[in-house]
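*Asks:* As input, take query.cif (mmCIF, N, CA and C atoms):
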data_start
loop_
_atom_site.label_atom_id
_atom_site.label_comp_id
_atom_site.auth_asym_id
_atom_site.auth_seq_id
_atom_site.Cartn_x
_atom_site.Cartn_y
_atom_site.Cartn_z
N MET J 1 10.55 -21.23 140.53
CA MET J 1 9.30 -21.96 140.54
C MET J 1 8.82 -22.15 141.98
N SER J 2 7.55 -22.43 142.08
CA SER J 2 7.00 -22.64 143.42
C SER J 2 7.24 -24.08 143.87
N ALA J 3 7.02 -24.31 145.12
CA ALA J 3 7.24 -25.64 145.69
C ALA J 3 6.25 -26.65 145.12
N ILE J 4 5.04 -26.21 144.81
CA ILE J 4 4.04 -27.13 144.26
C ILE J 4 4.45 -27.58 142.86
N VAL J 5 4.90 -26.66 142.04
CA VAL J 5 5.33 -27.01 140.69
C VAL J 5 6.54 -27.94 140.74
N ASP J 6 7.47 -27.66 141.64
CA ASP J 6 8.64 -28.54 141.79
C ASP J 6 8.23 -29.94 142.24
N SER J 7 7.25 -30.01 143.16
CA SER J 7 6.79 -31.32 143.64
C SER J 7 6.11 -32.10 142.52
N ILE J 8 5.26 -31.44 141.75
CA ILE J 8 4.57 -32.12 140.65
C ILE J 8 5.57 -32.57 139.59
N THR J 9 6.54 -31.75 139.28
CA THR J 9 7.56 -32.12 138.30
C THR J 9 8.36 -33.33 138.79
N TYR J 10 8.69 -33.34 140.06
CA TYR J 10 9.44 -34.46 140.63
C TYR J 10 8.62 -35.75 140.57
N LEU J 11 7.34 -35.66 140.93
CA LEU J 11 6.48 -36.85 140.93
C LEU J 11 6.19 -37.36 139.52
N ARG J 12 6.15 -36.46 138.54
CA ARG J 12 5.93 -36.90 137.15
C ARG J 12 7.13 -37.68 136.63
N LYS J 13 8.31 -37.39 137.16
CA LYS J 13 9.51 -38.12 136.75
C LYS J 13 9.62 -39.47 137.45
N LYS J 14 8.87 -39.67 138.54
CA LYS J 14 8.94 -40.90 139.32
C LYS J 14 7.54 -41.49 139.49
N PRO J 15 7.02 -42.15 138.44
CA PRO J 15 5.65 -42.67 138.54
C PRO J 15 5.49 -43.79 139.56
N ARG J 16 6.54 -44.56 139.82
CA ARG J 16 6.43 -45.64 140.82
C ARG J 16 6.25 -45.07 142.22
N LEU J 17 6.93 -43.97 142.50
CA LEU J 17 6.76 -43.31 143.80
C LEU J 17 5.34 -42.78 143.95
N LEU J 18 4.81 -42.20 142.89
CA LEU J 18 3.45 -41.68 142.92
C LEU J 18 2.45 -42.81 143.14
N MET J 19 2.65 -43.94 142.46
CA MET J 19 1.77 -45.09 142.65
C MET J 19 1.88 -45.62 144.08
N ALA J 20 3.08 -45.63 144.64
CA ALA J 20 3.26 -46.08 146.02
C ALA J 20 2.53 -45.15 146.99
N ILE J 21 2.55 -43.87 146.72
CA ILE J 21 1.84 -42.91 147.57
C ILE J 21 0.34 -43.17 147.50
N PHE J 22 -0.20 -43.36 146.29
CA PHE J 22 -1.62 -43.61 146.15
C PHE J 22 -2.04 -44.92 146.82
N ILE J 23 -1.24 -45.96 146.67
CA ILE J 23 -1.56 -47.25 147.29
C ILE J 23 -1.49 -47.15 148.81
N SER J 24 -0.53 -46.40 149.32
CA SER J 24 -0.45 -46.24 150.78
C SER J 24 -1.64 -45.44 151.31
N ILE J 25 -2.13 -44.46 150.57
CA ILE J 25 -3.32 -43.72 150.98
C ILE J 25 -4.53 -44.65 151.00
N LEU J 26 -4.68 -45.48 149.96
CA LEU J 26 -5.77 -46.44 149.93
C LEU J 26 -5.65 -47.45 151.07
N GLY J 27 -4.44 -47.92 151.33
CA GLY J 27 -4.22 -48.85 152.45
C GLY J 27 -4.54 -48.20 153.79
N GLY J 28 -4.19 -46.94 153.93
CA GLY J 28 -4.53 -46.22 155.16
C GLY J 28 -6.03 -46.07 155.34
N ALA J 29 -6.74 -45.85 154.24
CA ALA J 29 -8.20 -45.76 154.32
C ALA J 29 -8.81 -47.08 154.75
N ILE J 30 -8.27 -48.18 154.21
CA ILE J 30 -8.77 -49.50 154.59
C ILE J 30 -8.42 -49.80 156.04
N LEU J 31 -7.23 -49.41 156.48
CA LEU J 31 -6.84 -49.61 157.88
C LEU J 31 -7.75 -48.84 158.82
N LEU J 32 -8.02 -47.59 158.49
CA LEU J 32 -8.92 -46.80 159.33
C LEU J 32 -10.33 -47.38 159.32
N ASP J 33 -10.74 -47.93 158.19
CA ASP J 33 -12.06 -48.55 158.10
C ASP J 33 -12.14 -49.79 158.98
N SER J 34 -11.03 -50.51 159.09
CA SER J 34 -11.04 -51.71 159.94
C SER J 34 -11.11 -51.35 161.42
N LEU J 35 -10.68 -50.15 161.77
CA LEU J 35 -10.73 -49.72 163.16
C LEU J 35 -12.07 -49.08 163.54
N ALA J 36 -12.89 -48.78 162.54
CA ALA J 36 -14.17 -48.12 162.80
C ALA J 36 -15.15 -49.08 163.45
N VAL J 37 -15.94 -48.55 164.37
CA VAL J 37 -16.96 -49.35 165.05
C VAL J 37 -18.24 -49.31 164.21
N ARG J 38 -18.77 -50.47 163.94
CA ARG J 38 -20.02 -50.57 163.17
C ARG J 38 -21.16 -50.87 164.14
N HIS J 39 -21.98 -49.86 164.44
CA HIS J 39 -23.04 -50.03 165.42
C HIS J 39 -24.24 -50.77 164.85
N ALA J 40 -24.79 -50.25 163.78
CA ALA J 40 -25.98 -50.87 163.18
C ALA J 40 -25.86 -50.79 161.67
N PRO J 41 -25.18 -51.76 161.06
CA PRO J 41 -25.04 -51.71 159.61
C PRO J 41 -26.39 -51.89 158.92
N HIS J 42 -26.70 -50.99 158.00
CA HIS J 42 -27.97 -51.03 157.28
C HIS J 42 -27.84 -51.69 155.91
N PHE J 43 -26.62 -51.90 155.48
CA PHE J 43 -26.35 -52.43 154.15
C PHE J 43 -25.27 -53.49 154.29
N ILE J 44 -25.30 -54.50 153.44
CA ILE J 44 -24.33 -55.59 153.56
C ILE J 44 -22.89 -55.08 153.39
N GLY J 45 -22.71 -54.02 152.62
CA GLY J 45 -21.39 -53.46 152.43
C GLY J 45 -20.83 -52.81 153.68
N ASP J 46 -21.71 -52.43 154.60
CA ASP J 46 -21.26 -51.84 155.86
C ASP J 46 -20.54 -52.85 156.74
N LYS J 47 -20.82 -54.13 156.53
CA LYS J 47 -20.21 -55.18 157.35
C LYS J 47 -18.84 -55.61 156.83
N ILE J 48 -18.55 -55.33 155.57
CA ILE J 48 -17.30 -55.78 154.93
C ILE J 48 -16.23 -54.71 155.12
N ILE J 49 -15.09 -55.12 155.66
CA ILE J 49 -14.00 -54.17 155.89
C ILE J 49 -13.41 -53.73 154.55
N GLY J 50 -13.32 -52.44 154.34
CA GLY J 50 -12.74 -51.89 153.13
C GLY J 50 -13.69 -51.83 151.95
N PHE J 51 -14.96 -52.15 152.16
CA PHE J 51 -15.91 -52.16 151.05
C PHE J 51 -16.05 -50.78 150.41
N TRP J 52 -16.23 -49.75 151.23
CA TRP J 52 -16.46 -48.42 150.68
C TRP J 52 -15.21 -47.84 150.02
N SER J 53 -14.04 -48.21 150.50
CA SER J 53 -12.81 -47.79 149.83
C SER J 53 -12.71 -48.43 148.45
N PHE J 54 -12.98 -49.73 148.41
CA PHE J 54 -12.95 -50.45 147.14
C PHE J 54 -14.04 -49.95 146.20
N PHE J 55 -15.23 -49.72 146.73
CA PHE J 55 -16.35 -49.21 145.94
C PHE J 55 -16.02 -47.85 145.34
N GLY J 56 -15.42 -46.97 146.13
CA GLY J 56 -15.03 -45.65 145.63
C GLY J 56 -13.96 -45.73 144.56
N LEU J 57 -12.98 -46.62 144.74
CA LEU J 57 -11.91 -46.78 143.75
C LEU J 57 -12.47 -47.31 142.43
N VAL J 58 -13.27 -48.36 142.50
CA VAL J 58 -13.85 -48.93 141.27
C VAL J 58 -14.79 -47.94 140.60
N GLY J 59 -15.60 -47.25 141.39
CA GLY J 59 -16.50 -46.25 140.82
C GLY J 59 -15.75 -45.13 140.12
N CYS J 60 -14.67 -44.69 140.72
CA CYS J 60 -13.86 -43.63 140.12
C CYS J 60 -13.23 -44.09 138.81
N LEU J 61 -12.69 -45.31 138.80
CA LEU J 61 -12.07 -45.83 137.58
C LEU J 61 -13.09 -46.02 136.47
N LEU J 62 -14.26 -46.56 136.80
CA LEU J 62 -15.30 -46.76 135.79
C LEU J 62 -15.82 -45.43 135.25
N MET J 63 -16.01 -44.45 136.13
CA MET J 63 -16.49 -43.15 135.69
C MET J 63 -15.45 -42.47 134.79
N THR J 64 -14.17 -42.62 135.11
CA THR J 64 -13.12 -42.04 134.29
C THR J 64 -13.11 -42.66 132.90
N LYS J 65 -13.18 -43.99 132.83
CA LYS J 65 -13.21 -44.68 131.53
C LYS J 65 -14.44 -44.31 130.73
N PHE J 66 -15.59 -44.22 131.39
CA PHE J 66 -16.83 -43.87 130.71
C PHE J 66 -16.77 -42.46 130.13
N CYS J 67 -16.30 -41.51 130.92
CA CYS J 67 -16.21 -40.12 130.46
C CYS J 67 -15.17 -39.97 129.35
N LYS J 68 -14.09 -40.72 129.45
CA LYS J 68 -13.08 -40.68 128.39
C LYS J 68 -13.66 -41.24 127.09
N GLY J 69 -14.44 -42.31 127.20
CA GLY J 69 -15.09 -42.87 126.01
C GLY J 69 -16.08 -41.90 125.40
N LEU J 70 -16.86 -41.21 126.24
CA LEU J 70 -17.78 -40.20 125.72
C LEU J 70 -17.03 -39.06 125.03
N GLY J 71 -15.92 -38.68 125.60
CA GLY J 71 -15.12 -37.61 124.98
C GLY J 71 -14.60 -38.01 123.61
N HIS J 72 -14.12 -39.24 123.50
CA HIS J 72 -13.64 -39.71 122.20
C HIS J 72 -14.79 -39.85 121.20
N LEU J 73 -15.95 -40.23 121.68
CA LEU J 73 -17.08 -40.46 120.79
C LEU J 73 -17.67 -39.15 120.28
N PHE J 74 -17.84 -38.16 121.15
CA PHE J 74 -18.55 -36.95 120.77
C PHE J 74 -17.68 -35.72 120.56
N ILE J 75 -16.55 -35.63 121.21
CA ILE J 75 -15.77 -34.40 121.17
C ILE J 75 -14.58 -34.49 120.21
N MET J 76 -13.89 -35.62 120.19
CA MET J 76 -12.69 -35.76 119.36
C MET J 76 -13.05 -35.67 117.88
N GLN J 77 -12.20 -35.03 117.12
CA GLN J 77 -12.37 -34.90 115.67
C GLN J 77 -11.17 -35.52 114.97
N PRO J 78 -11.33 -35.89 113.71
CA PRO J 78 -10.17 -36.40 112.97
C PRO J 78 -9.06 -35.36 112.91
N THR J 79 -7.83 -35.82 112.70
CA THR J 79 -6.70 -34.89 112.70
C THR J 79 -6.78 -33.89 111.55
N ASP J 80 -7.41 -34.26 110.45
CA ASP J 80 -7.52 -33.34 109.31
C ASP J 80 -8.87 -32.63 109.28
N PHE J 81 -9.55 -32.52 110.40
CA PHE J 81 -10.89 -31.94 110.47
C PHE J 81 -10.91 -30.48 109.99
N TYR J 82 -9.93 -29.68 110.39
CA TYR J 82 -9.94 -28.26 110.06
C TYR J 82 -9.38 -27.98 108.67
N SER J 83 -8.72 -28.94 108.05
CA SER J 83 -8.16 -28.69 106.73
C SER J 83 -9.14 -29.04 105.61
N LYS J 84 -10.29 -29.62 105.94
CA LYS J 84 -11.30 -29.95 104.92
C LYS J 84 -12.19 -28.74 104.68
N ASN J 85 -12.69 -28.65 103.44
CA ASN J 85 -13.67 -27.61 103.17
C ASN J 85 -15.06 -28.18 103.35
N GLU J 86 -16.11 -27.45 102.92
CA GLU J 86 -17.48 -27.89 103.17
C GLU J 86 -17.82 -29.20 102.48
N LYS J 87 -17.20 -29.51 101.35
CA LYS J 87 -17.53 -30.73 100.62
C LYS J 87 -16.77 -31.94 101.16
N GLY J 88 -15.90 -31.76 102.10
CA GLY J 88 -15.16 -32.86 102.66
C GLY J 88 -13.88 -33.16 101.89
N GLU J 89 -13.50 -32.27 100.97
CA GLU J 89 -12.28 -32.46 100.19
C GLU J 89 -11.18 -31.57 100.74
N GLU J 90 -9.96 -31.97 100.45
CA GLU J 90 -8.83 -31.15 100.88
C GLU J 90 -8.48 -30.13 99.85
#
For the structure just supplied, provide its representation as structure tokens.
*Replies:*
Amino acid sequence: MSAIVDSITYLRKKPRLLMAIFISILGGAILLDSLAVRHAPHFIGDKIIGFWSFFGLVGCLLMTKFCKGLGHLFIMQPTDFYSKNEKGEE
């Protein structure tokens, strides 16, 4: 197997490690945002440290939940969908 497949397999077996990696990446983004110089903020969110990191995280989570809901609503079919005939009987 390739190194990428081995890495993904290892991380799937250790979800806490994967969560720690994601949280450290988010923390690093917030740390870098706190070091950034704000010359002329045009929006109130530009003045708040970590606002855009938090905004991106919340937006991503909401978009994921919304798209998953749309998929269940329009795409998912009952488990016996293909075993029914035209009249809806088995």
*Asks:* May I have the centre and edge lengths, in Å to one decimal, of an axis-aligned box around the listed atoms of segment 78-82 of chain J with 3 Å added to every side, as lines of an AutoDock Vina configuration file?
*Replies:*
center_x = -9.0
center_y = -32.2
center_z = 111.2
size_x = 10.6
size_y = 14.4
size_z = 11.0
*Asks:* Nearest residue to Gly27 of chain J out of J:Phe54, J:Lys47, J:Pro41, J:Lys14, using only C-alpha atoms?
*Replies:*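 Using only C-alpha atoms, Gly27 of chain J sits closest to J:Phe54.
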*Asks:* Rounded to one decimal in Å, what is the spacing between atom CA of Ser24 of chain J and atom CA of Cys60 of chain J?
*Replies:*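 Distance between the two atoms: 17.3 Å.
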*Asks:* How far is it from atom C of Asp33 of chain J to atom C of Ser53 of chain J, in Å with one decimal?
*Replies:*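 According to the coordinates, atom C of Asp33 of chain J and atom C of Ser53 of chain J are separated by 10.6 Å.
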*Asks:* Between atom CA of Gly50 of chain J and atom CA of Ala29 of chain J, what is the spacing in Å?
*Replies:*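 For atom CA of Ala29 of chain J relative to atom CA of Gly50 of chain J, the distance reads 7.7 Å.
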